[in-house]
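protein.txt (compact mmCIF, C-alpha atoms)
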```txt
# COMPACT_ATOMS: atom_id res chain seq x y z
CA MET W 1 19.59 1.34 11.41
CA GLU W 2 23.19 1.56 12.58
CA VAL W 3 25.45 0.94 9.59
CA ALA W 4 28.26 -0.86 11.42
CA SER W 5 26.07 -3.28 13.38
CA SER W 6 22.86 -3.52 11.26
CA LYS W 7 20.98 -2.95 14.53
CA LEU W 8 17.73 -1.02 14.84
CA MET W 9 17.71 1.97 17.20
CA PRO W 10 15.67 0.27 19.98
CA GLU W 11 18.05 -2.69 19.85
CA LEU W 12 20.92 -0.26 20.50
CA PHE W 13 19.04 1.60 23.24
CA GLU W 14 18.34 -1.63 25.07
CA GLU W 15 22.04 -2.46 25.06
CA ILE W 16 23.28 1.01 25.99
CA LEU W 17 20.51 2.19 28.30
CA PRO W 18 18.94 -1.01 29.62
CA LYS W 19 17.26 0.66 32.60
CA HIS W 20 15.68 3.57 30.71
CA ARG W 21 12.21 3.51 29.28
CA PHE W 22 11.93 4.99 25.81
CA ALA W 23 9.47 5.28 22.94
CA VAL W 24 9.87 5.14 19.17
CA ILE W 25 7.76 7.39 16.96
CA GLY W 26 6.90 6.83 13.31
CA GLY W 27 4.29 7.84 10.77
CA PRO W 28 3.37 10.38 8.09
CA MET W 29 4.67 13.62 9.63
CA LEU W 30 6.05 15.66 6.72
CA ALA W 31 7.35 18.73 8.54
CA ASP W 32 6.34 21.27 5.88
CA GLU W 33 2.73 20.14 6.19
CA ILE W 34 2.76 20.27 10.00
CA MET W 35 4.19 23.82 9.86
CA ALA W 36 1.28 24.72 7.54
CA ASP W 37 -1.19 23.50 10.22
CA LEU W 38 -2.15 20.43 8.19
CA ARG W 39 -2.85 17.18 9.98
CA ALA W 40 -0.42 14.35 10.63
CA ALA W 41 -0.55 10.90 12.25
CA CYS W 42 1.93 8.69 14.05
CA VAL W 43 2.46 5.59 16.14
CA VAL W 44 4.19 5.99 19.52
CA ALA W 45 5.62 2.63 20.56
CA SER W 46 7.09 1.65 23.91
CA LYS W 47 7.45 -1.69 25.65
CA ASP W 48 5.85 0.19 28.55
CA MET W 49 2.34 0.69 27.14
CA VAL W 50 1.41 3.08 29.96
CA PHE W 51 4.31 5.31 28.87
CA ALA W 52 3.07 5.20 25.22
CA GLU W 53 -0.42 6.20 26.38
CA GLU W 54 1.03 9.04 28.48
CA ILE W 55 2.73 10.41 25.37
CA GLU W 56 -0.53 10.00 23.44
CA ALA W 57 -2.38 12.07 26.08
CA LEU W 58 0.38 14.70 26.00
CA LEU W 59 0.69 15.18 22.22
CA SER W 60 -2.68 14.18 20.76
CA SER W 61 -4.70 17.05 19.25
CA PRO W 62 -7.29 17.62 16.52
CA LEU W 63 -4.34 18.11 14.14
CA PHE W 64 -2.25 15.17 15.37
CA ARG W 65 -3.49 11.58 15.55
CA ILE W 66 -1.43 9.42 17.94
CA GLU W 67 -1.71 5.63 18.01
CA PRO W 68 -0.05 4.05 21.07
CA SER W 69 1.62 0.67 20.47
CA SER W 70 3.92 -1.80 22.22
CA ASP W 71 5.63 -2.86 18.97
CA VAL W 72 8.92 -0.99 19.35
CA THR W 73 10.86 -3.14 16.87
CA GLY W 74 8.10 -2.95 14.24
CA VAL W 75 7.87 0.84 14.33
CA ALA W 76 11.66 1.23 14.15
CA LEU W 77 11.85 -1.24 11.26
CA ALA W 78 8.95 0.49 9.46
CA GLY W 79 10.89 3.77 9.62
CA VAL W 80 13.91 2.19 7.96
CA LEU W 81 11.85 0.46 5.27
CA LYS W 82 9.77 3.48 4.27
CA ASN W 83 12.90 5.53 3.59
CA ILE W 84 14.45 2.86 1.39
CA TYR W 85 11.27 2.07 -0.55
CA SER W 86 10.56 5.80 -0.99
CA VAL W 87 13.79 5.97 -2.99
CA SER W 88 12.20 3.42 -5.34
CA LEU W 89 9.20 5.72 -5.85
CA GLY W 90 11.63 8.54 -6.65
CA ILE W 91 13.29 6.29 -9.23
CA ALA W 92 9.78 5.65 -10.62
CA ASP W 93 9.22 9.40 -10.91
CA GLY W 94 12.62 9.89 -12.55
CA LEU W 95 11.69 7.24 -15.13
CA SER W 96 8.22 8.79 -15.65
CA LEU W 97 6.60 5.39 -15.12
CA SER W 98 2.99 4.92 -16.18
CA GLY W 99 0.31 4.81 -13.49
CA ASN W 100 -0.01 1.07 -14.11
CA GLU W 101 3.72 0.51 -13.59
CA LYS W 102 3.80 2.70 -10.49
CA GLY W 103 0.80 0.91 -8.93
CA TRP W 104 2.53 -2.41 -9.58
CA LEU W 105 5.76 -1.05 -8.05
CA VAL W 106 3.96 0.03 -4.87
CA SER W 107 2.47 -3.46 -4.55
CA ARG W 108 5.95 -4.98 -4.86
CA ALA W 109 7.26 -2.56 -2.21
CA ILE W 110 4.49 -3.41 0.25
CA ASN W 111 4.85 -7.13 -0.43
CA GLU W 112 8.58 -6.93 0.35
CA MET W 113 8.02 -4.74 3.42
CA SER W 114 5.57 -7.29 4.82
CA ARG W 115 7.98 -10.19 4.18
CA ILE W 116 10.85 -8.29 5.86
CA GLY W 117 8.53 -7.66 8.81
CA GLU W 118 8.00 -11.43 9.07
CA ILE W 119 11.76 -12.01 9.16
CA PHE W 120 12.07 -9.49 12.02
CA ASN W 121 9.11 -11.22 13.67
CA VAL W 122 6.97 -8.07 13.99
CA PRO W 123 3.15 -7.99 13.62
CA ILE W 124 2.12 -7.41 10.00
CA ALA W 125 -0.34 -4.73 11.18
CA THR W 126 2.62 -2.49 12.09
CA VAL W 127 4.18 -2.76 8.63
CA LEU W 128 0.80 -2.25 6.90
CA GLY W 129 -0.12 0.54 9.36
CA THR W 130 0.56 4.20 10.02
CA ALA W 131 4.33 3.91 10.62
CA GLY W 132 4.88 1.57 7.66
CA VAL W 133 2.64 1.92 4.60
CA GLY W 134 1.21 5.24 5.88
CA ASP W 135 4.61 6.91 6.04
CA PHE W 136 5.82 5.15 2.87
CA ILE W 137 2.95 6.54 0.77
CA ALA W 138 3.13 10.03 2.32
CA THR W 139 6.90 10.15 1.79
CA GLY W 140 6.99 8.44 -1.59
CA TYR W 141 4.35 10.75 -3.10
CA SER W 142 5.59 13.99 -1.53
CA GLN W 143 7.51 16.83 -3.13
CA TYR W 144 8.94 17.52 0.35
CA SER W 145 10.64 14.17 0.86
CA ARG W 146 14.41 13.86 0.69
CA ASN W 147 14.38 10.12 0.01
CA ARG W 148 11.93 10.37 -2.89
CA ALA W 149 13.95 13.27 -4.32
CA VAL W 150 17.17 11.22 -4.09
CA GLY W 151 15.69 8.51 -6.33
CA ASP W 152 14.32 11.07 -8.77
CA GLU W 153 17.63 13.00 -9.02
CA ILE W 154 19.72 9.85 -9.46
CA VAL W 155 17.73 9.00 -12.59
CA LYS W 156 17.41 12.52 -14.01
CA ASN W 157 21.03 13.52 -13.40
CA GLY W 158 22.65 10.15 -14.07
CA ILE W 159 24.55 10.20 -10.79
CA CYS W 160 24.23 7.99 -7.73
CA LYS W 161 25.17 7.59 -4.04
CA LEU W 162 23.32 10.79 -3.16
CA PRO W 163 23.04 11.36 0.61
CA GLY W 164 19.76 10.28 2.21
CA GLU W 165 18.73 7.95 5.03
CA GLY W 166 17.34 5.34 2.62
CA LEU W 167 20.56 4.72 0.74
CA VAL W 168 22.68 4.94 3.90
CA SER W 169 20.74 2.21 5.70
CA LEU W 170 20.19 -0.05 2.66
CA PRO W 171 23.54 -1.95 2.84
CA ALA W 172 22.98 -2.56 6.58
CA LEU W 173 19.51 -3.97 5.88
CA LEU W 174 20.75 -6.15 3.00
CA GLY W 175 23.49 -7.48 5.28
CA ARG W 176 21.05 -8.34 8.02
CA LEU W 177 18.69 -10.05 5.53
CA LYS W 178 21.68 -11.88 3.96
CA GLU W 179 20.11 -10.74 0.69
CA ASP W 180 21.78 -11.89 -2.53
CA GLY W 181 19.54 -10.05 -5.02
CA THR W 182 16.93 -12.78 -5.47
CA GLY W 183 14.70 -12.63 -2.38
CA PHE W 184 13.89 -8.92 -2.37
CA ARG W 185 14.16 -7.81 -5.96
CA LEU W 186 13.01 -4.23 -5.37
CA LEU W 187 15.62 -3.73 -2.64
CA ASP W 188 18.11 -5.09 -5.16
CA LEU W 189 16.88 -2.60 -7.79
CA VAL W 190 17.37 0.33 -5.39
CA LYS W 191 20.88 -0.93 -4.61
CA ARG W 192 21.79 -1.38 -8.30
CA VAL W 193 20.56 2.08 -9.28
CA GLY W 194 21.26 4.04 -6.09
CA ILE W 195 24.57 2.55 -4.96
CA ASP W 196 26.08 0.57 -7.86
CA CYS W 197 25.20 3.33 -10.37
CA GLU W 198 23.60 0.97 -12.93
CA PRO W 199 21.39 2.68 -15.56
CA ALA W 200 17.90 2.99 -14.06
CA GLN W 201 15.75 2.19 -17.11
CA ALA W 202 17.53 -1.09 -17.88
CA ALA W 203 17.45 -2.12 -14.21
CA PHE W 204 13.72 -1.36 -14.00
CA ASP W 205 12.98 -3.20 -17.28
CA HIS W 206 14.76 -6.27 -15.93
CA PHE W 207 12.82 -6.00 -12.66
CA PHE W 208 9.45 -5.51 -14.40
CA MET W 209 9.73 -8.33 -16.94
CA ASN W 210 11.26 -11.04 -14.75
CA GLY W 211 10.61 -13.00 -11.59
CA LYS W 212 7.67 -13.09 -9.26
CA MET P 1 -19.69 -9.10 -6.77
CA GLU P 2 -23.32 -9.94 -7.56
CA VAL P 3 -25.54 -7.54 -5.63
CA ALA P 4 -28.41 -9.94 -4.92
CA SER P 5 -26.29 -12.86 -3.69
CA SER P 6 -23.05 -11.16 -2.45
CA LYS P 7 -21.20 -13.81 -4.44
CA LEU P 8 -17.92 -13.25 -6.27
CA MET P 9 -17.88 -13.93 -10.01
CA PRO P 10 -15.90 -17.22 -9.79
CA GLU P 11 -18.33 -18.45 -7.12
CA LEU P 12 -21.17 -17.85 -9.62
CA PHE P 13 -19.26 -19.42 -12.53
CA GLU P 14 -18.64 -22.58 -10.52
CA GLU P 15 -22.37 -22.87 -9.83
CA ILE P 16 -23.55 -22.06 -13.35
CA LEU P 17 -20.76 -23.60 -15.44
CA PRO P 18 -19.28 -26.30 -13.19
CA LYS P 19 -17.60 -28.18 -16.05
CA HIS P 20 -15.94 -25.19 -17.73
CA ARG P 21 -12.47 -24.00 -16.95
CA PHE P 22 -12.12 -20.25 -16.63
CA ALA P 23 -9.63 -17.63 -15.52
CA VAL P 24 -9.98 -14.35 -13.62
CA ILE P 25 -7.81 -11.39 -14.57
CA GLY P 26 -6.93 -8.44 -12.33
CA GLY P 27 -4.27 -5.76 -12.02
CA PRO P 28 -3.27 -2.22 -12.99
CA MET P 29 -4.51 -2.04 -16.61
CA LEU P 30 -5.81 1.51 -17.05
CA ALA P 31 -7.08 1.35 -20.64
CA ASP P 32 -5.99 4.88 -21.64
CA GLU P 33 -2.41 4.01 -20.72
CA ILE P 34 -2.47 0.70 -22.62
CA MET P 35 -3.83 2.51 -25.70
CA ALA P 36 -0.89 4.92 -25.39
CA ASP P 37 1.53 1.93 -25.54
CA LEU P 38 2.45 2.27 -21.87
CA ARG P 39 3.08 -0.85 -19.83
CA ALA P 40 0.58 -2.70 -17.64
CA ALA P 41 0.62 -5.74 -15.35
CA CYS P 42 -1.93 -8.32 -14.26
CA VAL P 43 -2.54 -11.60 -12.51
CA VAL P 44 -4.30 -14.37 -14.47
CA ALA P 45 -5.80 -16.84 -12.01
CA SER P 46 -7.33 -20.23 -12.72
CA LYS P 47 -7.76 -23.33 -10.59
CA ASP P 48 -6.16 -25.03 -13.59
CA MET P 49 -2.63 -23.62 -13.32
CA VAL P 50 -1.68 -25.02 -16.75
CA PHE P 51 -4.53 -22.94 -18.24
CA ALA P 52 -3.25 -19.81 -16.44
CA GLU P 53 0.24 -20.43 -17.81
CA GLU P 54 -1.17 -20.94 -21.32
CA ILE P 55 -2.80 -17.51 -21.10
CA GLU P 56 0.47 -16.06 -19.79
CA ALA P 57 2.33 -17.46 -22.83
CA LEU P 58 -0.37 -16.11 -25.15
CA LEU P 59 -0.64 -12.54 -23.80
CA SER P 60 2.73 -11.77 -22.21
CA SER P 61 4.83 -9.12 -24.01
CA PRO P 62 7.46 -6.48 -23.21
CA LEU P 63 4.51 -4.11 -22.57
CA PHE P 64 2.36 -6.53 -20.56
CA ARG P 65 3.53 -8.39 -17.47
CA ILE P 66 1.40 -11.47 -16.69
CA GLU P 67 1.60 -13.31 -13.38
CA PRO P 68 -0.10 -16.73 -13.43
CA SER P 69 -1.85 -17.74 -10.20
CA SER P 70 -4.21 -20.39 -8.84
CA ASP P 71 -5.90 -17.98 -6.40
CA VAL P 72 -9.16 -17.39 -8.29
CA THR P 73 -11.11 -16.16 -5.27
CA GLY P 74 -8.33 -13.81 -4.15
CA VAL P 75 -8.02 -12.11 -7.54
CA ALA P 76 -11.80 -11.68 -7.85
CA LEU P 77 -12.01 -10.29 -4.31
CA ALA P 78 -9.06 -7.96 -4.96
CA GLY P 79 -10.94 -6.52 -7.97
CA VAL P 80 -13.97 -5.73 -5.81
CA LEU P 81 -11.89 -4.20 -3.03
CA LYS P 82 -9.73 -1.95 -5.20
CA ASN P 83 -12.83 -0.34 -6.73
CA ILE P 84 -14.41 0.40 -3.36
CA TYR P 85 -11.23 1.68 -1.72
CA SER P 86 -10.42 3.80 -4.78
CA VAL P 87 -13.63 5.71 -4.03
CA SER P 88 -12.08 6.56 -0.65
CA LEU P 89 -9.03 8.03 -2.43
CA GLY P 90 -11.39 10.11 -4.57
CA ILE P 91 -13.06 11.36 -1.40
CA ALA P 92 -9.55 12.22 -0.13
CA ASP P 93 -8.90 14.23 -3.30
CA GLY P 94 -12.28 15.97 -3.00
CA LEU P 95 -11.37 16.99 0.55
CA SER P 96 -7.85 18.10 -0.55
CA LEU P 97 -6.32 16.02 2.24
CA SER P 98 -2.71 16.66 3.20
CA GLY P 99 -0.07 14.17 2.05
CA ASN P 100 0.19 12.98 5.66
CA GLU P 101 -3.57 12.32 5.87
CA LYS P 102 -3.63 10.61 2.49
CA GLY P 103 -0.70 8.33 3.37
CA TRP P 104 -2.47 7.40 6.59
CA LEU P 105 -5.70 6.74 4.64
CA VAL P 106 -3.90 4.41 2.21
CA SER P 107 -2.49 2.45 5.17
CA ARG P 108 -6.01 2.08 6.60
CA ALA P 109 -7.29 0.90 3.20
CA ILE P 110 -4.57 -1.72 2.84
CA ASN P 111 -4.99 -2.85 6.45
CA GLU P 112 -8.74 -3.37 5.86
CA MET P 113 -8.16 -5.07 2.49
CA SER P 114 -5.78 -7.55 4.12
CA ARG P 115 -8.24 -8.29 6.94
CA ILE P 116 -11.09 -8.83 4.46
CA GLY P 117 -8.81 -11.19 2.54
CA GLU P 118 -8.33 -13.18 5.76
CA ILE P 119 -12.11 -13.48 6.18
CA PHE P 120 -12.40 -14.82 2.62
CA ASN P 121 -9.48 -17.14 3.42
CA VAL P 122 -7.30 -15.99 0.51
CA PRO P 123 -3.48 -15.70 0.65
CA ILE P 124 -2.38 -12.26 1.85
CA ALA P 125 0.11 -12.11 -1.05
CA THR P 126 -2.82 -11.80 -3.49
CA VAL P 127 -4.33 -8.84 -1.65
CA LEU P 128 -0.93 -7.14 -1.26
CA GLY P 129 0.02 -8.02 -4.84
CA THR P 130 -0.59 -6.88 -8.41
CA ALA P 131 -4.37 -7.47 -8.48
CA GLY P 132 -4.93 -5.94 -5.02
CA VAL P 133 -2.65 -3.13 -3.89
CA GLY P 134 -1.18 -2.72 -7.39
CA ASP P 135 -4.54 -2.01 -9.00
CA PHE P 136 -5.75 -0.02 -5.96
CA ILE P 137 -2.83 2.43 -6.17
CA ALA P 138 -2.96 2.71 -9.98
CA THR P 139 -6.72 3.31 -9.89
CA GLY P 140 -6.81 5.50 -6.80
CA TYR P 141 -4.10 7.86 -8.08
CA SER P 142 -5.30 8.01 -11.72
CA GLN P 143 -7.14 10.78 -13.49
CA TYR P 144 -8.61 8.08 -15.76
CA SER P 145 -10.37 6.08 -13.04
CA ARG P 146 -14.16 6.16 -12.74
CA ASN P 147 -14.19 5.02 -9.11
CA ARG P 148 -11.70 7.65 -7.97
CA ALA P 149 -13.65 10.31 -9.87
CA VAL P 150 -16.90 9.21 -8.20
CA GLY P 151 -15.47 9.89 -4.73
CA ASP P 152 -14.01 13.21 -5.85
CA GLU P 153 -17.27 14.41 -7.48
CA ILE P 154 -19.40 13.37 -4.51
CA VAL P 155 -17.40 15.69 -2.26
CA LYS P 156 -16.98 18.59 -4.70
CA ASN P 157 -20.60 18.60 -5.91
CA GLY P 158 -22.28 17.64 -2.62
CA ILE P 159 -24.21 14.81 -4.25
CA CYS P 160 -23.99 11.05 -3.74
CA LYS P 161 -24.98 7.63 -5.12
CA LEU P 162 -23.07 8.32 -8.34
CA PRO P 163 -22.82 5.25 -10.58
CA GLY P 164 -19.59 3.25 -10.37
CA GLU P 165 -18.64 -0.36 -9.60
CA GLY P 166 -17.27 0.51 -6.16
CA LEU P 167 -20.48 1.97 -4.76
CA VAL P 168 -22.64 -0.69 -6.46
CA SER P 169 -20.76 -3.60 -4.86
CA LEU P 170 -20.23 -1.96 -1.44
CA PRO P 171 -23.62 -2.96 0.11
CA ALA P 172 -23.12 -6.55 -1.08
CA LEU P 173 -19.66 -6.67 0.52
CA LEU P 174 -20.91 -5.11 3.77
CA GLY P 175 -23.71 -7.70 3.86
CA ARG P 176 -21.31 -10.58 3.37
CA LEU P 177 -18.96 -9.22 6.06
CA LYS P 178 -21.95 -8.63 8.39
CA GLU P 179 -20.33 -5.23 8.92
CA ASP P 180 -21.98 -2.89 11.43
CA GLY P 181 -19.68 0.12 11.00
CA THR P 182 -17.11 -0.81 13.65
CA GLY P 183 -14.94 -3.52 12.10
CA PHE P 184 -14.04 -1.82 8.82
CA ARG P 185 -14.25 1.89 9.52
CA LEU P 186 -13.04 3.03 6.10
CA LEU P 187 -15.67 0.91 4.33
CA ASP P 188 -18.16 2.55 6.69
CA LEU P 189 -16.84 6.01 5.75
CA VAL P 190 -17.30 5.27 2.02
CA LYS P 191 -20.86 4.07 2.73
CA ARG P 192 -21.70 7.13 4.85
CA VAL P 193 -20.39 9.59 2.26
CA GLY P 194 -21.10 7.71 -0.97
CA ILE P 195 -24.45 6.07 -0.22
CA ASP P 196 -25.97 7.73 2.87
CA CYS P 197 -25.01 11.22 1.62
CA GLU P 198 -23.42 12.36 4.92
CA PRO P 199 -21.14 15.43 4.67
CA ALA P 200 -17.68 14.18 3.74
CA GLN P 201 -15.51 16.46 5.89
CA ALA P 202 -17.35 15.64 9.13
CA ALA P 203 -17.32 11.91 8.33
CA PHE P 204 -13.59 12.02 7.61
CA ASP P 205 -12.85 14.04 10.75
CA HIS P 206 -14.68 11.44 12.82
CA PHE P 207 -12.78 8.64 11.09
CA PHE P 208 -9.40 10.35 11.51
CA MET P 209 -9.70 11.28 15.17
CA ASN P 210 -11.31 8.09 16.53
CA GLY P 211 -10.71 4.37 16.77
CA LYS P 212 -7.83 2.20 15.80
```

Written as structure tokens, how would this file's structure read?
Amino acid sequence: MEVASSKLMPELFEEILPKHRFAVIGGPMLADEIMADLRAACVVASKDMVFAEEIEALLSSPLFRIEPSSDVTGVALAGVLKNIYSVSLGIADGLSLSGNEKGWLVSRAINEMSRIGEIFNVPIATVLGTAGVGDFIATGYSQYSRNRAVGDEIVKNGICKLPGEGLVSLPALLGRLKEDGTGFRLLDLVKRVGIDCEPAQAAFDHFFMNGK
Amino acid sequence: MEVASSKLMPELFEEILPKHRFAVIGGPMLADEIMADLRAACVVASKDMVFAEEIEALLSSPLFRIEPSSDVTGVALAGVLKNIYSVSLGIADGLSLSGNEKGWLVSRAINEMSRIGEIFNVPIATVLGTAGVGDFIATGYSQYSRNRAVGDEIVKNGICKLPGEGLVSLPALLGRLKEDGTGFRLLDLVKRVGIDCEPAQAAFDHFFMNGK
């Protein structure tokens, strides 16, 4: 998501390169695992479905599952959301949350992701699918992920504003959602801890014990 | 879910005890964690919302988040689904899946859970919420969970039909969904591996490389 405009990448491409066809790719593709010959999966989305299927035919292999899609906006949005919500799973790790708390946190993340998808008018299957929940869980539970590590380090080292895609795009997303801290309480938690440098445990306690 | 009738518990209660008010409870409440004074969360659902709120007032504490709800069917269904899909995460552990594969698998599980919720006509927020996804993730990632362990042991020991709520209720759910192995492919995978004793790696490979 472009910080200045709060626009998703395909929205920019359509403005800048209106005559070009392009595809957006998203999904659980942790690079360290791919380099170790482990399997990965992704969605390739293009408004030109034939183009998406051409890419599928080109890249698909027994190690690489490709799902063609026409939902360009949904896949781009899913990529933004999974980075931000992965920071929240890093915060969870930093706080050594119980399994019960962490399960509850994941449900809040996926609930918010699906509601943000509705606001962007994308099919819920994209947000709940490979590029959304699939990449969120792979990233948020991985030792290799920068965004998860950012959340973890912020808590353990008592610092904030660490570089990472999730925290960079969060203000742009909040601006676009016109979010005031009440509609998407987990986004608000990530902002308070990751950007405003509030103490993580108190912010999580407030989040856990209040609101829907 | 009652095996003989494929009915959910509140459906049975309404038949047997039509004049009694009752509530259904569901959510990430791993007992070992609660005994260790770690926090847990749940939904308390009753058609009588005042009754649900009375239970909330009675049980709520700084260690126990209670969410009152009127979606009795959704919470009961969520409890059935999280047990079955947690077996799939145990199978994933038994197969030592990559983080990418496991993230993808979780997205398939949540996609199927949300579609089954639609068939039962329950609000998607219940399935994506504390009693659904929340309990699924807590259970499916916990060393304390029987259903996760069942999936893991089936793969590692090459046996099947191990006792556990997930595998007991699976045939009843498949019967009620009139599932033939094509609509809910992850349910079908759990059945093939957990009940029909098919080799887990081959069944997973087929699941991963084919279909939507």

Test item: axis-aligned box, all listed atoms of range 29-38 of chain P, 6 Å on each side, centre and edges in Å rounded to one decimal, as lines of an AutoDock Vina configuration file:
```
center_x = -2.3
center_y = 1.4
center_z = -21.2
size_x = 21.5
size_y = 19.0
size_z = 21.1
```

For chain W, which residues have at least one atom within 8 Å of chain P, if we go by all atoms listed in the file? Write them as a PyMOL selection string, please. chain W and resi 27-30+33+38-41+62+65+67+98-108+110-111+125+128-130+132-139+141-142+208-209+212

Within 12 Å of Asn157 in chain W using only C-alpha atoms, minus same-chain residues under 3 positions, as a list of chain:residue names: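 Skipping anything fewer than 3 positions along the chain leaves W:Ile91, W:Gly94, W:Leu95, W:Ala149, W:Val150, W:Gly151, W:Asp152, W:Glu153, W:Ile154, W:Cys160, W:Lys161, W:Leu162, W:Gly194, W:Cys197, W:Pro199, W:Ala200.
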
Long-range neighbours of Phe22 in chain P as a PDB file with C-alpha atoms, in the coordinates of the input, 12 Å cut-off, only C-alpha atoms, 3 positions minimum in chain:
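Resulting contents of out04.pdb:
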```
ATOM      1  CA  MET P   9     -17.880 -13.930 -10.010  1.00  0.00           C
ATOM      2  CA  PRO P  10     -15.900 -17.220  -9.790  1.00  0.00           C
ATOM      3  CA  GLU P  11     -18.330 -18.450  -7.120  1.00  0.00           C
ATOM      4  CA  LEU P  12     -21.170 -17.850  -9.620  1.00  0.00           C
ATOM      5  CA  PHE P  13     -19.260 -19.420 -12.530  1.00  0.00           C
ATOM      6  CA  GLU P  14     -18.640 -22.580 -10.520  1.00  0.00           C
ATOM      7  CA  LEU P  17     -20.760 -23.600 -15.440  1.00  0.00           C
ATOM      8  CA  PRO P  18     -19.280 -26.300 -13.190  1.00  0.00           C
ATOM      9  CA  LYS P  19     -17.600 -28.180 -16.050  1.00  0.00           C
ATOM     10  CA  ILE P  25      -7.810 -11.390 -14.570  1.00  0.00           C
ATOM     11  CA  VAL P  44      -4.300 -14.370 -14.470  1.00  0.00           C
ATOM     12  CA  ALA P  45      -5.800 -16.840 -12.010  1.00  0.00           C
ATOM     13  CA  SER P  46      -7.330 -20.230 -12.720  1.00  0.00           C
ATOM     14  CA  LYS P  47      -7.760 -23.330 -10.590  1.00  0.00           C
ATOM     15  CA  ASP P  48      -6.160 -25.030 -13.590  1.00  0.00           C
ATOM     16  CA  MET P  49      -2.630 -23.620 -13.320  1.00  0.00           C
ATOM     17  CA  VAL P  50      -1.680 -25.020 -16.750  1.00  0.00           C
ATOM     18  CA  PHE P  51      -4.530 -22.940 -18.240  1.00  0.00           C
ATOM     19  CA  ALA P  52      -3.250 -19.810 -16.440  1.00  0.00           C
ATOM     20  CA  GLU P  54      -1.170 -20.940 -21.320  1.00  0.00           C
ATOM     21  CA  ILE P  55      -2.800 -17.510 -21.100  1.00  0.00           C
ATOM     22  CA  SER P  70      -4.210 -20.390  -8.840  1.00  0.00           C
ATOM     23  CA  VAL P  72      -9.160 -17.390  -8.290  1.00  0.00           C
TER      24      VAL P  72
END
```

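In this comparison, which uses all atoms listed in the file, the residue of P:Ala92, P:Leu187, P:Val24, P:Met1 approaching Met113 in chain P most closely is P:Leu187.
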
Quick check, in Å to one decimal: how far apart do CA of Ile119 in chain P and CA of Gly79 in chain W lie? 29.0 Å

Using all atoms listed in the file, pick whichever of W:Val43, W:Leu77, W:Ala203, W:Met35 has the shortest atom-to-atom distance to Leu8 in chain W.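 Selected residue with least distance to Leu8 in chain W: W:Leu77.
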
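CA of Lys82 in chain P is positioned 27.1 Å from CA of His20 in chain P.
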
Would you mind reading off the distance between CA of Val87 in chain P and CA of Gly117 in chain W, one decimal, in Å?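 Calculated distance between CA of Val87 in chain P and CA of Gly117 in chain W is 28.9 Å.
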
Between W:Ile84, W:Pro163, W:Leu58, W:Arg176, which residue has the minimum interatomic distance to Ser5 in chain W, considering all atoms listed in the file? W:Arg176

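With only C-alpha atoms as the atoms that count, the residue of W:Gly26, W:Gly74, W:Gly181, W:Pro171 with the shortest distance to Asn121 in chain W is W:Gly74.
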